[in-house]
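Undergrad: You'll find input-v2.tsv just under this line, and it carries TSV, C-alpha atoms.
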chain	number	residue	atom	x	y	z
A	1	MET	CA	0.00	0.00	0.00
A	2	ASN	CA	1.47	3.36	-0.97
A	3	ILE	CA	1.81	6.19	1.53
A	4	LEU	CA	-1.23	8.14	0.26
A	5	SER	CA	-3.55	5.15	0.63
A	6	LEU	CA	-2.07	4.21	3.98
A	7	ASN	CA	-2.53	7.72	5.34
A	8	LYS	CA	-6.20	7.73	4.34
A	9	LYS	CA	-6.80	4.27	5.81
A	10	ILE	CA	-5.20	5.10	9.16
A	11	PHE	CA	-6.98	8.46	9.33
A	12	LYS	CA	-10.36	6.83	8.74
A	13	ASN	CA	-9.87	4.48	11.70
A	14	PHE	CA	-8.02	6.90	14.00
A	15	LYS	CA	-9.54	7.24	17.50
A	16	GLY	CA	-7.99	10.60	18.35
A	17	GLU	CA	-8.82	14.04	16.99
A	18	LYS	CA	-9.13	14.10	13.19
A	19	ILE	CA	-8.68	17.41	11.38
A	20	VAL	CA	-8.56	18.38	7.70
A	21	ILE	CA	-6.42	21.53	7.79
A	22	GLY	CA	-7.02	22.37	4.12
A	23	LYS	CA	-6.84	21.04	0.59
A	24	SER	CA	-4.03	20.75	-1.92
A	25	HIS	CA	-3.95	22.41	-5.34
A	26	PHE	CA	-5.59	19.31	-6.85
A	27	GLY	CA	-8.19	19.24	-4.07
A	28	HIS	CA	-6.80	16.44	-1.91
A	29	PRO	CA	-7.42	16.84	1.84
A	30	ILE	CA	-4.43	17.54	4.08
A	31	LEU	CA	-4.95	15.23	7.04
A	32	CYS	CA	-3.93	16.00	10.62
A	33	TYR	CA	-4.03	13.70	13.66
A	34	GLY	CA	-4.41	15.27	17.09
A	35	VAL	CA	-3.30	13.36	20.19
A	36	ILE	CA	-4.19	15.24	23.37
A	37	LYS	CA	-2.74	14.13	26.70
A	38	THR	CA	-2.30	17.43	28.58
A	39	PRO	CA	-2.58	21.08	27.48
A	40	TYR	CA	1.19	21.73	27.58
A	41	PRO	CA	3.34	21.57	25.58
A	42	LYS	CA	1.66	21.88	22.19
A	43	ALA	CA	3.52	20.70	19.11
A	44	ILE	CA	3.10	20.27	15.38
A	45	ILE	CA	4.99	17.43	13.70
A	46	GLN	CA	4.98	17.73	9.92
A	47	GLY	CA	6.26	15.47	7.18
A	48	THR	CA	6.38	15.13	3.40
A	49	ILE	CA	6.47	18.80	2.49
A	50	HIS	CA	8.80	17.61	-0.29
A	51	ALA	CA	7.16	15.01	-2.51
A	52	ARG	CA	10.02	12.54	-2.91
A	53	GLU	CA	10.65	12.53	0.84
A	54	TYR	CA	7.53	10.50	1.63
A	55	ILE	CA	9.55	8.15	3.84
A	56	THR	CA	8.88	10.88	6.43
A	57	GLY	CA	5.16	10.22	6.03
A	58	TYR	CA	5.64	6.58	6.97
A	59	LEU	CA	7.77	7.66	9.92
A	60	THR	CA	5.24	10.21	11.13
A	61	LEU	CA	2.44	7.65	11.05
A	62	LYS	CA	4.49	5.37	13.31
A	63	LEU	CA	5.20	8.25	15.70
A	64	ILE	CA	1.47	8.99	15.92
A	65	ASN	CA	0.80	5.43	17.03
A	66	ASP	CA	3.62	5.56	19.58
A	67	PHE	CA	2.49	8.82	21.15
A	68	TYR	CA	-1.15	7.74	21.15
A	69	LYS	CA	-0.20	4.60	23.11
A	70	ASN	CA	2.67	5.83	25.27
A	71	GLY	CA	2.52	9.61	25.54
A	72	LYS	CA	2.02	11.11	29.00
A	73	VAL	CA	2.11	14.87	28.49
A	74	GLY	CA	1.44	17.28	25.68
A	75	SER	CA	-0.95	18.02	22.82
A	76	VAL	CA	0.60	16.95	19.53
A	77	TYR	CA	-0.74	17.47	16.02
A	78	PHE	CA	0.76	15.27	13.31
A	79	ILE	CA	0.58	16.09	9.59
A	80	PRO	CA	2.20	13.12	7.81
A	81	ILE	CA	1.69	14.42	4.25
A	82	LEU	CA	1.51	18.15	3.62
A	83	ASN	CA	2.04	17.67	-0.12
A	84	PRO	CA	-0.27	14.92	-1.41
A	85	ASP	CA	-0.24	16.19	-5.01
A	86	GLY	CA	3.55	16.10	-5.18
A	87	VAL	CA	3.66	12.61	-3.69
A	88	MET	CA	1.26	11.41	-6.37
A	89	ILE	CA	3.55	12.85	-9.05
A	90	SER	CA	6.60	11.29	-7.40
A	91	LEU	CA	4.93	7.88	-7.22
A	92	LYS	CA	3.51	7.86	-10.75
A	93	LYS	CA	5.61	10.13	-13.00
A	94	ASP	CA	8.85	11.52	-11.61
A	95	LYS	CA	10.33	9.82	-8.57
A	96	LEU	CA	12.70	12.74	-7.84
A	97	TYR	CA	9.94	15.35	-7.84
A	98	LYS	CA	9.95	17.70	-4.82
A	99	ALA	CA	7.38	20.39	-5.58
A	100	ASN	CA	3.60	20.56	-5.26
A	101	GLY	CA	1.05	20.16	-8.05
A	102	ARG	CA	1.82	23.63	-9.42
A	103	GLY	CA	5.57	23.19	-9.48
A	104	VAL	CA	6.20	25.24	-6.33
A	105	ASP	CA	8.64	24.02	-3.71
A	106	LEU	CA	6.52	24.42	-0.58
A	107	ASN	CA	9.50	24.68	1.77
A	108	VAL	CA	10.67	27.91	0.16
A	109	ASN	CA	7.18	29.45	0.00
A	110	PHE	CA	6.89	30.70	3.59
A	111	ASP	CA	7.23	34.36	4.51
A	112	ALA	CA	10.62	34.14	6.19
A	113	ARG	CA	13.23	36.04	4.17
A	114	TRP	CA	11.38	34.63	1.16
A	115	SER	CA	13.33	34.53	-2.12
A	116	THR	CA	16.75	34.96	-0.48
A	117	GLY	CA	17.87	31.32	-0.46
A	118	SER	CA	20.97	30.46	-2.44
A	119	GLN	CA	19.24	27.65	-4.38
A	120	ASN	CA	15.99	29.50	-5.11
A	121	VAL	CA	14.64	29.52	-8.66
A	122	ARG	CA	12.01	31.87	-10.08
A	123	GLU	CA	10.09	29.74	-12.51
A	124	VAL	CA	8.03	26.57	-12.25
A	125	ALA	CA	10.26	23.57	-11.59
A	126	SER	CA	10.35	20.18	-9.91
A	127	ALA	CA	12.34	21.73	-7.06
A	128	ASN	CA	13.34	25.08	-5.51
A	129	TYR	CA	10.75	27.34	-7.22
A	130	ILE	CA	9.70	29.92	-4.63
A	131	GLY	CA	6.27	30.68	-6.07
A	132	GLU	CA	4.78	34.01	-7.11
A	133	LYS	CA	4.77	35.32	-3.54
A	134	PRO	CA	4.96	33.99	0.03
A	135	PHE	CA	2.04	31.69	0.81
A	136	SER	CA	0.96	31.54	-2.82
A	137	GLU	CA	0.08	27.85	-2.39
A	138	PRO	CA	-2.96	26.31	-0.67
A	139	GLU	CA	-0.74	23.87	1.20
A	140	THR	CA	1.46	26.54	2.79
A	141	MET	CA	-1.56	28.72	3.54
A	142	ALA	CA	-3.25	25.77	5.27
A	143	LEU	CA	-0.19	25.01	7.41
A	144	ARG	CA	0.28	28.69	8.25
A	145	ASP	CA	-3.34	29.13	9.33
A	146	PHE	CA	-3.40	25.92	11.32
A	147	THR	CA	-0.15	26.82	13.08
A	148	LEU	CA	-1.47	30.26	14.03
A	149	LYS	CA	-4.63	28.62	15.35
A	150	ILE	CA	-2.83	25.98	17.44
A	151	LYS	CA	-0.01	28.28	18.63
A	152	PRO	CA	2.46	25.45	19.22
A	153	ASP	CA	5.30	25.61	21.71
A	154	TYR	CA	7.57	23.88	19.20
A	155	THR	CA	7.48	22.31	15.76
A	156	ILE	CA	9.39	19.50	14.07
A	157	SER	CA	9.58	19.23	10.28
A	158	TYR	CA	10.74	15.90	8.92
A	159	HIS	CA	12.76	15.80	5.69
A	160	SER	CA	15.20	13.39	4.07
A	161	LYS	CA	18.13	12.90	3.89
A	162	GLY	CA	21.43	13.36	5.80
A	163	GLN	CA	20.78	12.53	9.49
A	164	GLU	CA	21.07	16.19	10.47
A	165	ILE	CA	19.18	18.68	12.62
A	166	TYR	CA	18.72	22.36	11.74
A	167	TYR	CA	17.51	24.83	14.35
A	168	GLU	CA	18.82	28.29	13.43
A	169	PHE	CA	17.17	31.18	11.62
A	170	PHE	CA	18.63	34.54	12.64
A	171	GLN	CA	17.64	34.26	16.32
A	172	GLU	CA	19.27	36.89	18.52
A	173	ASP	CA	19.74	34.33	21.30
A	174	ILE	CA	20.15	30.72	20.19
A	175	SER	CA	20.75	29.18	23.62
A	176	ARG	CA	17.19	27.89	24.19
A	177	ASP	CA	16.79	26.54	20.67
A	178	PHE	CA	20.25	24.96	20.66
A	179	ALA	CA	19.46	23.22	23.96
A	180	PHE	CA	16.35	21.73	22.38
A	181	ALA	CA	18.25	20.66	19.26
A	182	LYS	CA	20.95	19.10	21.41
A	183	GLU	CA	18.37	17.07	23.35
A	184	ILE	CA	16.96	15.71	20.11
A	185	SER	CA	20.47	15.09	18.77
A	186	LEU	CA	21.25	12.97	21.83
A	187	LEU	CA	18.18	10.82	21.16
A	188	THR	CA	18.56	10.40	17.40
A	189	GLY	CA	22.34	10.48	17.04
A	190	TYR	CA	21.94	13.07	14.28
A	191	GLN	CA	24.38	15.96	13.97
A	192	ILE	CA	23.36	19.57	14.52
A	193	LYS	CA	24.16	21.64	11.44
A	194	SER	CA	23.75	25.22	10.23
A	195	THR	CA	22.07	26.21	6.94
A	196	PRO	CA	22.94	29.90	6.58
A	197	ASN	CA	21.99	30.08	2.89
A	198	SER	CA	18.48	28.66	3.28
A	199	ALA	CA	15.27	30.68	3.71
A	200	GLY	CA	11.53	30.51	3.25
A	201	GLY	CA	10.98	27.22	5.07
A	202	TYR	CA	8.36	26.23	7.64
A	203	LYS	CA	11.01	26.00	10.36
A	204	ASP	CA	12.27	29.45	9.43
A	205	TRP	CA	8.80	30.97	9.57
A	206	CYS	CA	8.00	29.36	12.95
A	207	ILE	CA	11.20	30.78	14.42
A	208	GLN	CA	10.70	34.22	12.91
A	209	GLN	CA	6.94	34.60	13.36
A	210	LEU	CA	6.17	32.64	16.53
A	211	LYS	CA	9.55	32.94	18.30
A	212	ILE	CA	9.47	29.25	19.21
A	213	PRO	CA	12.01	26.44	18.86
A	214	ALA	CA	11.52	24.79	15.49
A	215	LEU	CA	13.57	21.95	14.07
A	216	THR	CA	14.10	20.49	10.65
A	217	ILE	CA	15.21	16.88	10.99
A	218	GLU	CA	16.74	15.16	7.97
A	219	VAL	CA	16.30	11.38	8.26
A	220	GLY	CA	18.13	8.66	6.37
A	221	ASP	CA	21.78	8.19	5.55
A	222	ASP	CA	23.02	10.70	2.99
A	223	ARG	CA	24.36	7.86	0.85
A	224	LEU	CA	20.82	6.66	0.16
A	225	SER	CA	19.03	7.65	-3.03
A	226	HIS	CA	15.74	9.56	-3.27
A	227	PRO	CA	13.11	8.44	-2.65
A	228	ILE	CA	14.34	6.42	0.32
A	229	LYS	CA	13.01	2.88	0.11
A	230	LYS	CA	10.62	1.66	2.76
A	231	TRP	CA	12.97	-1.07	3.98
A	232	HIS	CA	15.13	1.69	5.50
A	233	LEU	CA	12.21	2.75	7.70
A	234	ARG	CA	13.11	0.31	10.47
A	235	LYS	CA	16.44	2.02	11.14
A	236	ILE	CA	15.00	5.52	10.75
A	237	TYR	CA	12.18	4.71	13.14
A	238	LYS	CA	14.60	3.23	15.66
A	239	GLN	CA	16.59	6.47	15.61
A	240	ASN	CA	13.47	8.60	16.14
A	241	ARG	CA	11.38	6.41	18.40
A	242	GLY	CA	10.35	8.27	21.55
A	243	ILE	CA	11.22	11.67	20.11
A	244	ILE	CA	7.87	13.29	20.96
A	245	GLU	CA	7.86	12.00	24.52
A	246	ARG	CA	11.46	13.20	24.96
A	247	ALA	CA	10.73	16.63	23.49
A	248	ASN	CA	7.62	17.15	25.62
A	249	ALA	CA	9.37	16.06	28.80
A	250	PHE	CA	12.23	18.43	28.02
A	251	PHE	CA	9.83	21.36	27.71
A	252	VAL	CA	8.13	20.49	31.00
A	253	GLU	CA	11.45	20.08	32.82
A	254	ASN	CA	12.72	23.43	31.56
A	255	LYS	CA	9.42	25.20	32.16
A	256	TRP	CA	9.49	26.83	28.71
A	257	LYS	CA	6.25	28.70	28.19
As structure tokens - that is how I would like this structure written.

TA:
Amino acid sequence: MNILSLNKKIFKNFKGEKIVIGKSHFGHPILCYGVIKTPYPKAIIQGTIHAREYITGYLTLKLINDFYKNGKVGSVYFIPILNPDGVMISLKKDKLYKANGRGVDLNVNFDARWSTGSQNVREVASANYIGEKPFSEPETMALRDFTLKIKPDYTISYHSKGQEIYYEFFQEDISRDFAFAKEISLLTGYQIKSTPNSAGGYKDWCIQQLKIPALTIEVGDDRLSHPIKKWHLRKIYKQNRGIIERANAFFVENKWK
């Protein structure tokens, strides 16, 4: 069963909070799973903003099940597939496709120093096209509006590949956000890295707009080819298992509010 069908099947039978945060350019629903244990901390965990990186959708679905069964504190909203149109294109036509159904790279379409990334392009493409303006796409608008509604205390965006963690975006004081990244690095074994020439991403916007810790986590060994095959999921899941419980406990222990 492909990731799009699996996401729909699990969503249909899910016993927690089920939310459709919006629709894609082609009209596909963007599905969100809410697992509410306690009011604090709130988090959004998002995957598959890039089409070919749908291994992160499989991972996010497993993390939903884990937190639903084992979570003790926190309210966590999981969006396994932000870009269903792009995934469909990646599965059926162009396996290396990253963009959405209109040829816009959703992770450079947020209003956070938009259009200043070193790899940005300014015309429709399978990757890196910034769009006509920030939030030109229904998928980024939906995630923006849902994030502003939820007001999370932190966000995690799953990408592939490289086994790296990014946490910086022109913060004046990085100590809090670095401490959070370090905690997640200790769990996953992934290295903390800087991306000074990147802009317009969901992480970037969360840091700039909401002033919260926001991580991009790149899963999968960098030697793997896109799209990462499902048989690598076992190792990726092992590296990330318990991440939500660890993150929520860290927020409670540090009394970040």

Undergrad: (0.5, 23.7, 0.5) in this file's frame - what residues fall within 7 Å of it? Use all atoms listed in the file and give the answer as a list in words.

TA: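 Applying the cut-off with all atoms listed in the file, one gets Ser24, Leu82, Asn83, Leu106, Glu137, Pro138, Glu139, Thr140, Met141 and Ala142 of chain A.
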
Undergrad: Enter the distance from CA of Val87 in chain A to CA of Val219 in chain A, in Å, rounded to one decimal.

TA: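 Pair CA of Val87 in chain A / CA of Val219 in chain A returns 17.4 Å.
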
Undergrad: Find the spatial neighbours of range 170-184 of chain A, counting all atoms listed in the file, within a cut-off of 8 Å - ignore same-chain residues fewer than 2 positions away - and output them as a compact mmCIF listing (two decimals) with C-alpha atoms, keeping the file's coordinate frame.

TA:
# COMPACT_ATOMS: atom_id res chain seq x y z
CA ILE A 165 19.18 18.68 12.62
CA TYR A 166 18.72 22.36 11.74
CA TYR A 167 17.51 24.83 14.35
CA GLU A 168 18.82 28.29 13.43
CA LEU A 186 21.25 12.97 21.83
CA LEU A 187 18.18 10.82 21.16
CA THR A 188 18.56 10.40 17.40
CA ILE A 192 23.36 19.57 14.52
CA ILE A 207 11.20 30.78 14.42
CA GLN A 208 10.70 34.22 12.91
CA ILE A 212 9.47 29.25 19.21
CA PRO A 213 12.01 26.44 18.86
CA ALA A 214 11.52 24.79 15.49
CA LEU A 215 13.57 21.95 14.07
CA ILE A 243 11.22 11.67 20.11
CA ARG A 246 11.46 13.20 24.96
CA ALA A 247 10.73 16.63 23.49
CA PHE A 250 12.23 18.43 28.02

Undergrad: Could you name the residues that touch Asn248 in chain A at 7 Å or less, counting only C-alpha atoms, but leaving out those on the same chain fewer than 4 positions away, as a list of chain:residue names?

TA: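 Residues meeting the cut-off are A:Pro41, A:Val73, A:Gly74, A:Ile244, A:Val252.
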
Undergrad: Give me, as a compact mmCIF listing (two decimals) with C-alpha atoms, in the coordinates of the input, all polymer residues having an atom no more than 10 Å from Glu245 in chain A, counting all atoms listed in the file and skipping those fewer than 4 positions away in the same chain.

TA:
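As a result, selection31.txt now contains:
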# COMPACT_ATOMS: atom_id res chain seq x y z
CA LEU A 63 5.20 8.25 15.70
CA ASP A 66 3.62 5.56 19.58
CA PHE A 67 2.49 8.82 21.15
CA ASN A 70 2.67 5.83 25.27
CA GLY A 71 2.52 9.61 25.54
CA LYS A 72 2.02 11.11 29.00
CA VAL A 73 2.11 14.87 28.49
CA GLY A 74 1.44 17.28 25.68
CA ARG A 241 11.38 6.41 18.40
CA ALA A 249 9.37 16.06 28.80
CA PHE A 250 12.23 18.43 28.02

Undergrad: So how many Å separate CA of Gly101 in chain A and CA of Tyr154 in chain A, to one decimal?

TA: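 Spanning CA of Gly101 in chain A to CA of Tyr154 in chain A is a straight-line distance of 28.3 Å.
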
Undergrad: Would you kindly return, as a PyMOL selection string, each protein, DNA or RNA residue with an atom no farther than 12 Å from any atom of Lys149 in chain A, considering all atoms listed in the file and excluding same-chain residues fewer than 5 positions away?

TA: chain A and resi 21+42-44+77+142-144+210

Undergrad: Go through A:Thr60, A:Ser198, A:Asn254, A:Ser157 and flag the residue nearest Ser115 in chain A, using all atoms listed in the file for the distances.

TA: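 Comparing A:Thr60, A:Ser198, A:Asn254, A:Ser157 against Ser115 in chain A, the winner is A:Ser198.
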
Undergrad: Give me the residues within 9 Å of Ile79 in chain A as a PyMOL selection string, counting all atoms listed in the file and dropping any in the same chain fewer than 3 places off.

TA: chain A and resi 30-33+44-48+57+60-61+82

Undergrad: Quick one, how far is CA of Gly242 in chain A from CA of Phe11 in chain A?

TA: 21.2 Å

Undergrad: Point out the residue among A:Ser194, A:Asn100, A:Gln239, A:Ser118 with the least atom-to-atom distance to Met88 in chain A, counting only C-alpha atoms.

TA: A:Asn100

Undergrad: Under the rule that only C-alpha atoms are counted, which of A:Glu253, A:Asp111, A:Glu132, A:Asp222 is the nearest residue to Lys203 in chain A?

TA: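 Among the listed residues, A:Asp111 lies closest to Lys203 in chain A.
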